[in-house]
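File shown: start_29.csv. Contents: CSV, C-alpha atoms.
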```
chain,number,residue,atom,x,y,z
A,1,MET,CA,35.4,-4.5,26.9
A,2,TRP,CA,32.7,-6.1,24.9
A,3,THR,CA,29.1,-5.3,26.0
A,4,LYS,CA,26.2,-7.6,25.4
A,5,ARG,CA,24.9,-5.2,22.7
A,6,ALA,CA,28.3,-5.3,20.9
A,7,LEU,CA,28.4,-9.1,21.0
A,8,LEU,CA,24.8,-9.3,19.6
A,9,SER,CA,25.8,-6.8,16.8
A,10,ALA,CA,28.9,-8.8,15.9
A,11,PHE,CA,27.0,-12.2,16.0
A,12,GLY,CA,24.2,-10.6,13.9
A,13,ARG,CA,26.7,-9.6,11.2
A,14,MET,CA,28.1,-13.1,11.2
A,15,CYS,CA,24.7,-14.7,10.8
A,16,ARG,CA,23.7,-12.5,7.9
A,17,ARG,CA,26.9,-13.5,6.1
A,18,SER,CA,26.7,-17.2,7.1
A,19,PRO,CA,23.0,-18.3,7.3
A,20,TRP,CA,24.0,-21.7,8.5
A,21,LEU,CA,24.9,-20.2,11.9
A,22,THR,CA,21.3,-19.1,12.3
A,23,LYS,CA,20.0,-22.6,11.2
A,24,LEU,CA,22.3,-24.1,13.8
A,25,GLY,CA,21.1,-21.7,16.5
A,26,ARG,CA,17.5,-22.5,15.6
A,27,ALA,CA,18.1,-26.3,15.8
A,28,MET,CA,19.7,-25.8,19.2
A,29,LYS,CA,16.7,-23.5,20.3
A,30,LEU,CA,19.1,-20.8,21.3
A,31,GLY,CA,16.2,-18.3,21.0
A,32,ARG,CA,15.3,-19.3,24.6
A,33,LEU,CA,18.5,-17.6,25.8
A,34,PHE,CA,17.1,-14.1,24.9
A,35,ALA,CA,15.2,-12.3,27.5
A,36,ALA,CA,12.7,-9.5,27.0
A,37,GLY,CA,14.6,-6.3,26.5
A,38,ASP,CA,17.6,-8.0,24.8
A,39,MET,CA,17.8,-5.5,21.9
A,40,GLY,CA,19.7,-6.0,18.7
A,41,ARG,CA,20.4,-2.7,17.0
A,42,LEU,CA,20.7,-2.1,13.2
A,43,VAL,CA,21.7,1.0,11.4
A,44,LEU,CA,19.8,1.5,8.2
A,45,ASP,CA,20.4,3.9,5.3
A,46,GLY,CA,23.6,5.2,6.9
A,47,ASP,CA,22.2,6.8,10.1
A,48,VAL,CA,18.8,5.4,11.0
A,49,GLN,CA,19.0,3.4,14.3
A,50,VAL,CA,16.4,0.6,14.9
A,51,ASP,CA,16.2,-1.8,17.8
A,52,PHE,CA,14.7,-5.3,17.7
A,53,ASP,CA,13.6,-7.2,20.8
A,54,LEU,CA,15.5,-10.5,20.3
A,55,SER,CA,13.2,-12.4,22.6
A,56,VAL,CA,10.6,-12.3,19.8
A,57,ARG,CA,11.0,-14.8,17.0
A,58,ASP,CA,10.0,-12.4,14.2
A,59,PHE,CA,12.5,-9.9,15.3
A,60,ARG,CA,15.3,-12.5,15.6
A,61,TYR,CA,14.5,-13.4,11.9
A,62,LEU,CA,14.8,-9.8,10.8
A,63,TYR,CA,18.0,-9.3,12.8
A,64,PHE,CA,19.9,-12.5,12.1
A,65,MET,CA,18.5,-13.8,8.8
A,66,THR,CA,17.7,-10.8,6.6
A,67,ASP,CA,19.9,-8.1,5.1
A,68,LEU,CA,17.4,-5.4,6.1
A,69,ALA,CA,19.7,-2.6,5.1
A,70,SER,CA,19.6,-3.8,1.5
A,71,SER,CA,15.8,-4.0,1.4
A,72,PRO,CA,14.4,-3.0,-2.1
A,73,GLU,CA,11.8,-0.9,-0.4
A,74,PHE,CA,14.5,1.4,0.9
A,75,ASN,CA,15.8,1.8,-2.7
A,76,LEU,CA,12.3,2.6,-3.8
A,77,LEU,CA,11.9,5.3,-1.1
A,78,LYS,CA,15.0,7.0,-2.5
A,79,ARG,CA,14.1,6.5,-6.1
A,80,LEU,CA,10.7,8.0,-5.6
A,81,GLN,CA,11.7,10.6,-3.0
A,82,ASN,CA,9.9,13.9,-2.9
A,83,PRO,CA,11.0,16.5,-0.3
A,84,GLU,CA,7.7,18.3,-0.8
A,85,GLY,CA,5.6,15.2,-0.6
A,86,ILE,CA,3.9,13.0,2.1
A,87,PHE,CA,4.6,9.3,2.6
A,88,ILE,CA,1.8,7.2,4.3
A,89,ASP,CA,3.1,4.0,5.9
A,90,ILE,CA,0.0,1.7,6.4
A,91,GLY,CA,1.0,-1.2,8.7
A,92,ALA,CA,4.0,0.7,10.0
A,93,SER,CA,5.0,-2.1,12.4
A,94,THR,CA,8.1,-1.0,14.4
A,95,GLY,CA,8.7,2.0,12.2
A,96,PHE,CA,11.9,1.2,10.3
A,97,ILE,CA,10.4,2.1,6.9
A,98,SER,CA,8.8,5.2,8.3
A,99,LEU,CA,12.1,6.4,9.7
A,100,VAL,CA,14.0,5.9,6.5
A,101,ALA,CA,11.2,7.6,4.6
A,102,ALA,CA,11.4,10.6,6.9
A,103,LYS,CA,14.8,11.4,5.2
A,104,TYR,CA,13.3,11.7,1.8
A,105,TYR,CA,9.8,13.2,2.3
A,106,LYS,CA,8.3,16.3,3.8
A,107,HIS,CA,6.3,14.3,6.3
A,108,VAL,CA,5.4,10.7,7.2
A,109,PHE,CA,2.2,9.3,8.6
A,110,ALA,CA,2.9,6.0,10.3
A,111,ILE,CA,-0.4,4.1,10.7
A,112,GLU,CA,-0.2,1.2,13.2
A,113,PRO,CA,-3.0,-0.2,15.4
A,114,GLY,CA,-1.2,-2.9,17.4
A,115,PHE,CA,-0.3,-2.1,21.0
A,116,SER,CA,2.9,-4.0,21.0
A,117,ASN,CA,4.1,-2.7,17.7
A,118,LEU,CA,3.2,0.9,18.8
A,119,ARG,CA,5.5,0.4,21.8
A,120,TYR,CA,8.4,-0.7,19.6
A,121,LEU,CA,7.6,2.0,17.0
A,122,ARG,CA,7.7,4.8,19.6
A,123,HIS,CA,10.9,3.3,21.1
A,124,ASN,CA,12.6,3.5,17.6
A,125,LEU,CA,11.3,7.1,17.1
A,126,ASN,CA,13.0,8.1,20.3
A,127,LEU,CA,16.3,6.7,19.0
A,128,ASN,CA,16.0,9.1,16.0
A,129,PRO,CA,14.8,12.4,17.4
A,130,ASN,CA,15.6,14.5,14.3
A,131,LEU,CA,13.6,12.2,12.1
A,132,SER,CA,10.8,11.6,14.5
A,133,LYS,CA,9.9,15.3,14.3
A,134,LYS,CA,8.7,14.5,10.7
A,135,ILE,CA,6.6,11.5,11.7
A,136,THR,CA,3.0,11.5,12.9
A,137,VAL,CA,1.8,8.2,14.5
A,138,LEU,CA,-1.9,7.3,13.9
A,139,PRO,CA,-2.8,4.5,16.3
A,140,PHE,CA,-5.8,2.9,14.5
A,141,ALA,CA,-6.6,0.5,11.7
A,142,LEU,CA,-7.8,1.2,8.2
A,143,ASP,CA,-10.6,-0.5,6.5
A,144,LYS,CA,-13.3,0.1,3.8
A,145,CYS,CA,-15.6,1.8,6.4
A,146,GLN,CA,-15.4,3.3,9.8
A,147,LYS,CA,-16.2,0.8,12.6
A,148,ALA,CA,-15.0,-1.0,15.6
A,149,GLY,CA,-13.0,-4.1,14.9
A,150,SER,CA,-10.6,-6.7,16.2
A,151,LEU,CA,-6.9,-7.1,15.4
A,152,TYR,CA,-5.8,-10.8,15.5
A,153,PHE,CA,-2.3,-11.9,16.3
A,154,ASP,CA,-0.2,-15.1,16.2
A,155,SER,CA,0.8,-15.1,19.9
A,156,ASP,CA,4.5,-15.7,19.1
A,157,ARG,CA,4.6,-13.3,16.1
A,158,PRO,CA,3.7,-9.7,16.9
A,159,LEU,CA,4.6,-8.5,13.4
A,160,ILE,CA,1.8,-10.7,12.0
A,161,ALA,CA,-1.5,-8.9,12.7
A,162,SER,CA,-4.7,-9.0,10.7
A,163,LEU,CA,-8.3,-7.8,10.9
A,164,ALA,CA,-9.4,-11.3,10.1
A,165,PRO,CA,-8.5,-14.4,12.2
A,166,ILE,CA,-5.2,-16.0,11.1
A,167,GLU,CA,-5.6,-19.6,10.0
A,168,GLY,CA,-3.9,-22.4,12.0
A,169,SER,CA,-2.5,-20.0,14.6
A,170,VAL,CA,-2.9,-19.6,18.4
A,171,THR,CA,-4.1,-16.0,18.4
A,172,ARG,CA,-4.8,-13.2,20.7
A,173,SER,CA,-6.9,-10.2,19.7
A,174,GLU,CA,-7.1,-6.5,20.5
A,175,ASN,CA,-10.0,-4.2,20.0
A,176,VAL,CA,-9.2,-1.4,17.5
A,177,GLN,CA,-11.0,1.4,15.8
A,178,CYS,CA,-11.1,1.3,12.0
A,179,ARG,CA,-11.1,4.4,9.8
A,180,THR,CA,-10.9,5.0,6.1
A,181,LEU,CA,-7.9,6.6,4.5
A,182,ASP,CA,-10.3,9.0,2.8
A,183,SER,CA,-11.6,10.2,6.2
A,184,ILE,CA,-8.1,11.6,6.8
A,185,PHE,CA,-6.4,12.4,3.5
A,186,SER,CA,-9.0,12.9,0.8
A,187,LYS,CA,-8.5,16.7,0.8
A,188,TYR,CA,-4.7,16.4,0.8
A,189,LYS,CA,-2.9,17.3,-2.5
A,190,ASP,CA,0.7,16.3,-1.7
A,191,VAL,CA,0.5,12.5,-0.9
A,192,THR,CA,3.1,11.1,-3.2
A,193,LEU,CA,3.8,7.5,-1.9
A,194,ILE,CA,1.7,5.0,0.1
A,195,LYS,CA,2.9,1.7,1.4
A,196,ILE,CA,0.3,-1.0,2.4
A,197,ASP,CA,1.2,-4.1,4.3
A,198,THR,CA,-1.7,-5.3,6.4
A,199,GLU,CA,-1.8,-9.1,6.1
A,200,GLY,CA,-4.7,-9.4,3.6
A,201,SER,CA,-6.9,-6.3,4.2
A,202,GLU,CA,-5.1,-4.3,1.4
A,203,TYR,CA,-8.0,-4.4,-1.0
A,204,ASN,CA,-10.5,-3.3,1.7
A,205,ILE,CA,-8.2,-0.4,2.6
A,206,LEU,CA,-8.1,0.6,-1.0
A,207,LEU,CA,-11.9,0.7,-1.2
A,208,GLY,CA,-11.8,3.3,1.5
A,209,SER,CA,-9.0,5.3,-0.3
A,210,VAL,CA,-10.6,6.1,-3.6
A,211,TYR,CA,-10.7,9.9,-3.3
A,212,THR,CA,-7.2,10.1,-1.8
A,213,ILE,CA,-5.7,8.2,-4.7
A,214,LYS,CA,-7.8,10.0,-7.3
A,215,ASN,CA,-6.9,13.4,-5.9
A,216,ASN,CA,-3.2,12.7,-5.4
A,217,ARG,CA,-2.2,10.1,-8.0
A,218,PRO,CA,0.5,8.6,-5.6
A,219,PHE,CA,2.8,5.7,-6.2
A,220,VAL,CA,1.6,2.7,-4.1
A,221,ILE,CA,3.7,-0.1,-2.7
A,222,CYS,CA,1.4,-3.0,-1.9
A,223,GLU,CA,1.9,-6.5,-0.5
A,224,ILE,CA,0.2,-9.2,-2.6
A,225,SER,CA,-1.0,-12.6,-1.4
A,226,ASP,CA,-4.0,-14.4,-2.8
A,227,VAL,CA,-4.1,-16.6,0.3
A,228,MET,CA,-4.3,-13.5,2.6
A,229,GLN,CA,-6.9,-11.8,0.5
A,230,ARG,CA,-9.2,-14.8,0.8
A,231,ARG,CA,-9.3,-14.1,4.6
A,232,PHE,CA,-11.5,-11.2,3.6
A,233,GLN,CA,-13.4,-12.9,0.7
A,234,ASN,CA,-11.3,-11.0,-1.8
A,235,LYS,CA,-8.8,-12.0,-4.5
A,236,ALA,CA,-5.4,-10.5,-5.3
A,237,SER,CA,-6.7,-9.7,-8.8
A,238,ASP,CA,-9.2,-7.3,-7.2
A,239,ILE,CA,-6.2,-5.1,-6.3
A,240,TYR,CA,-4.9,-5.2,-9.9
A,241,ASP,CA,-8.3,-4.3,-11.4
A,242,TYR,CA,-8.7,-1.5,-8.9
A,243,PHE,CA,-5.6,0.2,-10.1
A,244,ALA,CA,-6.1,-0.7,-13.7
A,245,ASP,CA,-9.4,1.2,-13.6
A,246,LEU,CA,-7.5,4.2,-12.3
A,247,ASN,CA,-4.9,4.0,-15.1
A,248,TYR,CA,-2.1,2.6,-13.1
A,249,ILE,CA,0.6,0.2,-14.1
A,250,CYS,CA,1.8,-2.7,-12.0
A,251,VAL,CA,5.6,-3.2,-11.6
A,252,LEU,CA,7.2,-6.0,-9.6
A,253,SER,CA,9.4,-4.7,-6.8
A,254,PRO,CA,12.3,-3.9,-7.0
A,255,TYR,CA,11.3,-1.2,-9.5
A,256,ASN,CA,12.2,-2.0,-13.1
A,257,ARG,CA,10.4,-1.4,-16.4
A,258,ASP,CA,11.3,-4.9,-17.5
A,259,LEU,CA,9.2,-6.3,-14.6
A,260,ILE,CA,5.9,-4.6,-15.6
A,261,LEU,CA,3.1,-7.2,-14.9
A,262,ASN,CA,0.0,-7.5,-17.1
A,263,ARG,CA,-3.1,-9.0,-15.4
A,264,ASP,CA,-2.2,-12.6,-16.4
A,265,ARG,CA,1.4,-12.4,-15.1
A,266,PHE,CA,0.1,-10.7,-11.9
A,267,ASN,CA,-2.4,-13.5,-11.3
A,268,GLU,CA,0.1,-16.2,-12.0
A,269,ARG,CA,2.5,-14.7,-9.5
A,270,ALA,CA,-0.2,-14.2,-6.9
A,271,SER,CA,-1.4,-17.8,-7.1
A,272,GLN,CA,2.1,-19.3,-6.8
A,273,ALA,CA,3.0,-21.2,-3.6
A,274,GLY,CA,5.3,-19.2,-1.3
A,275,GLY,CA,5.1,-16.1,0.7
A,276,PRO,CA,3.6,-12.7,-0.3
A,277,PHE,CA,5.5,-10.3,-2.6
A,278,ASN,CA,5.5,-6.6,-3.1
A,279,VAL,CA,4.5,-4.7,-6.2
A,280,LEU,CA,4.6,-1.0,-7.1
A,281,PHE,CA,1.5,0.5,-8.7
A,282,SER,CA,2.6,3.6,-10.7
A,283,PRO,CA,0.4,6.2,-12.3
A,284,ARG,CA,0.8,5.6,-16.0
A,285,GLU,CA,1.8,9.2,-16.5
A,286,SER,CA,4.5,9.0,-13.8
A,287,LEU,CA,6.3,5.8,-14.8
A,288,ILE,CA,10.0,6.5,-14.3
A,289,ASP,CA,13.1,5.1,-15.9
A,290,PRO,CA,14.9,2.3,-14.1
A,291,ALA,CA,18.2,3.3,-12.4
```
Output the file's structure as structure tokens, nothing else.
Amino acid sequence: MWTKRALLSAFGRMCRRSPWLTKLGRAMKLGRLFAAGDMGRLVLDGDVQVDFDLSVRDFRYLYFMTDLASSPEFNLLKRLQNPEGIFIDIGASTGFISLVAAKYYKHVFAIEPGFSNLRYLRHNLNLNPNLSKKITVLPFALDKCQKAGSLYFDSDRPLIASLAPIEGSVTRSENVQCRTLDSIFSKYKDVTLIKIDTEGSEYNILLGSVYTIKNNRPFVICEISDVMQRRFQNKASDIYDYFADLNYICVLSPYNRDLILNRDRFNERASQAGGPFNVLFSPRESLIDPA
């Protein structure tokens, strides 16, 4: 007999193959039919189980509209894997990247300050007990200095959280403690990959990470958006210059030598209309060949 979870799983697969079904559902406002606790489960990278609360719009988008299992970030995790290295997931959200990374790294630190996301993250860790043993959750925000701060949310989009108010959104806020990455990891010698996705505070986080990056020379996956950087009176080009000064190369994700970005190409891409994009900053001495 078909259970509700099995029906959701089958419908999710249909929507990912036929996006018009999701558009029809959105037009008919079928999202109202989902109650809190209606979970859609995906299996990522063969055996990683992740649940999404389908009463939440962002989670419905990830579940029905995106082929999350084919995310280029997962390919990067495997390409850059280091069984003796540490992966730091800054802006871990519900933990799906941290869980996949735990298969390929000695240990994972999942940094996530939002109360709601922490609840979903811990739920997903419980679904994967063998991997969760390799993951440490750090429930605070990162910034360029240690201080008390506020985390702002679009009330209907718990995945979108920023240390600066979000323009044009009805928001709620949570009080959070901010630390610097250097206050935790500056003395580590085995940090090999960092992912930063924090809705505009990426450059400020990097300012508090100088010693960690200098001492470890990790690869860094970073979300880029000039619009989001301006929330913090920064520019996307500040991120490029930060890494250029440390002798890093910028590569458009998915990883490919043919997509190396110089400063002009980076700024052109960052200023284009549309959503944010991910880049990989690679130490010049560690640039690897494409698959």
Shell of 10 Å around range 128-142 of chain A, only C-alpha atoms, local chain residues under 4 positions omitted, as a PyMOL selection string: chain A and resi 47-50+86-92+95+98-103+105-115+118+121-124+146-151+162-163+175-183+198+201-202+204-206+208-209
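CA of Ser271 in chain A is positioned 27.5 Å from CA of Phe59 in chain A.
Separating CA of Glu84 in chain A from CA of Thr192 in chain A is a distance of 8.9 Å.
If you look at CA of Ile194 in chain A and CA of Val220 in chain A, they are 4.8 Å away from each other.
Compared by their closest atoms to Ser71 in chain A, and using all atoms listed in the file, the residues A:Asn278, A:Arg217, A:Ala161, A:Thr212 rank with A:Asn278 nearest.
Distance check against Cys250 in chain A using all atoms listed in the file: of A:Phe219, A:Phe74, A:Phe232, A:Tyr152, the minimum falls on A:Phe219.
Take the candidates A:Ile221, A:Ile97, A:Ile249, A:Ile213 and check each one against Lys189 in chain A using all atoms listed in the file; the shortest distance goes to A:Ile213.
Proximity to Arg60 in chain A was assessed for A:Leu80, A:Met39, A:Leu44, A:Ala270 counting only C-alpha atoms; the smallest distance is recorded for A:Met39.
Nearest residue to Thr66 in chain A among A:Cys222, A:Val191, A:Val210, A:Leu42 is A:Leu42, counting only C-alpha atoms.
The residue that comes closest to Thr94 in chain A, out of A:Leu159, A:Leu207, A:Cys145, A:Leu252 and on the basis of all atoms listed in the file, is A:Leu159.
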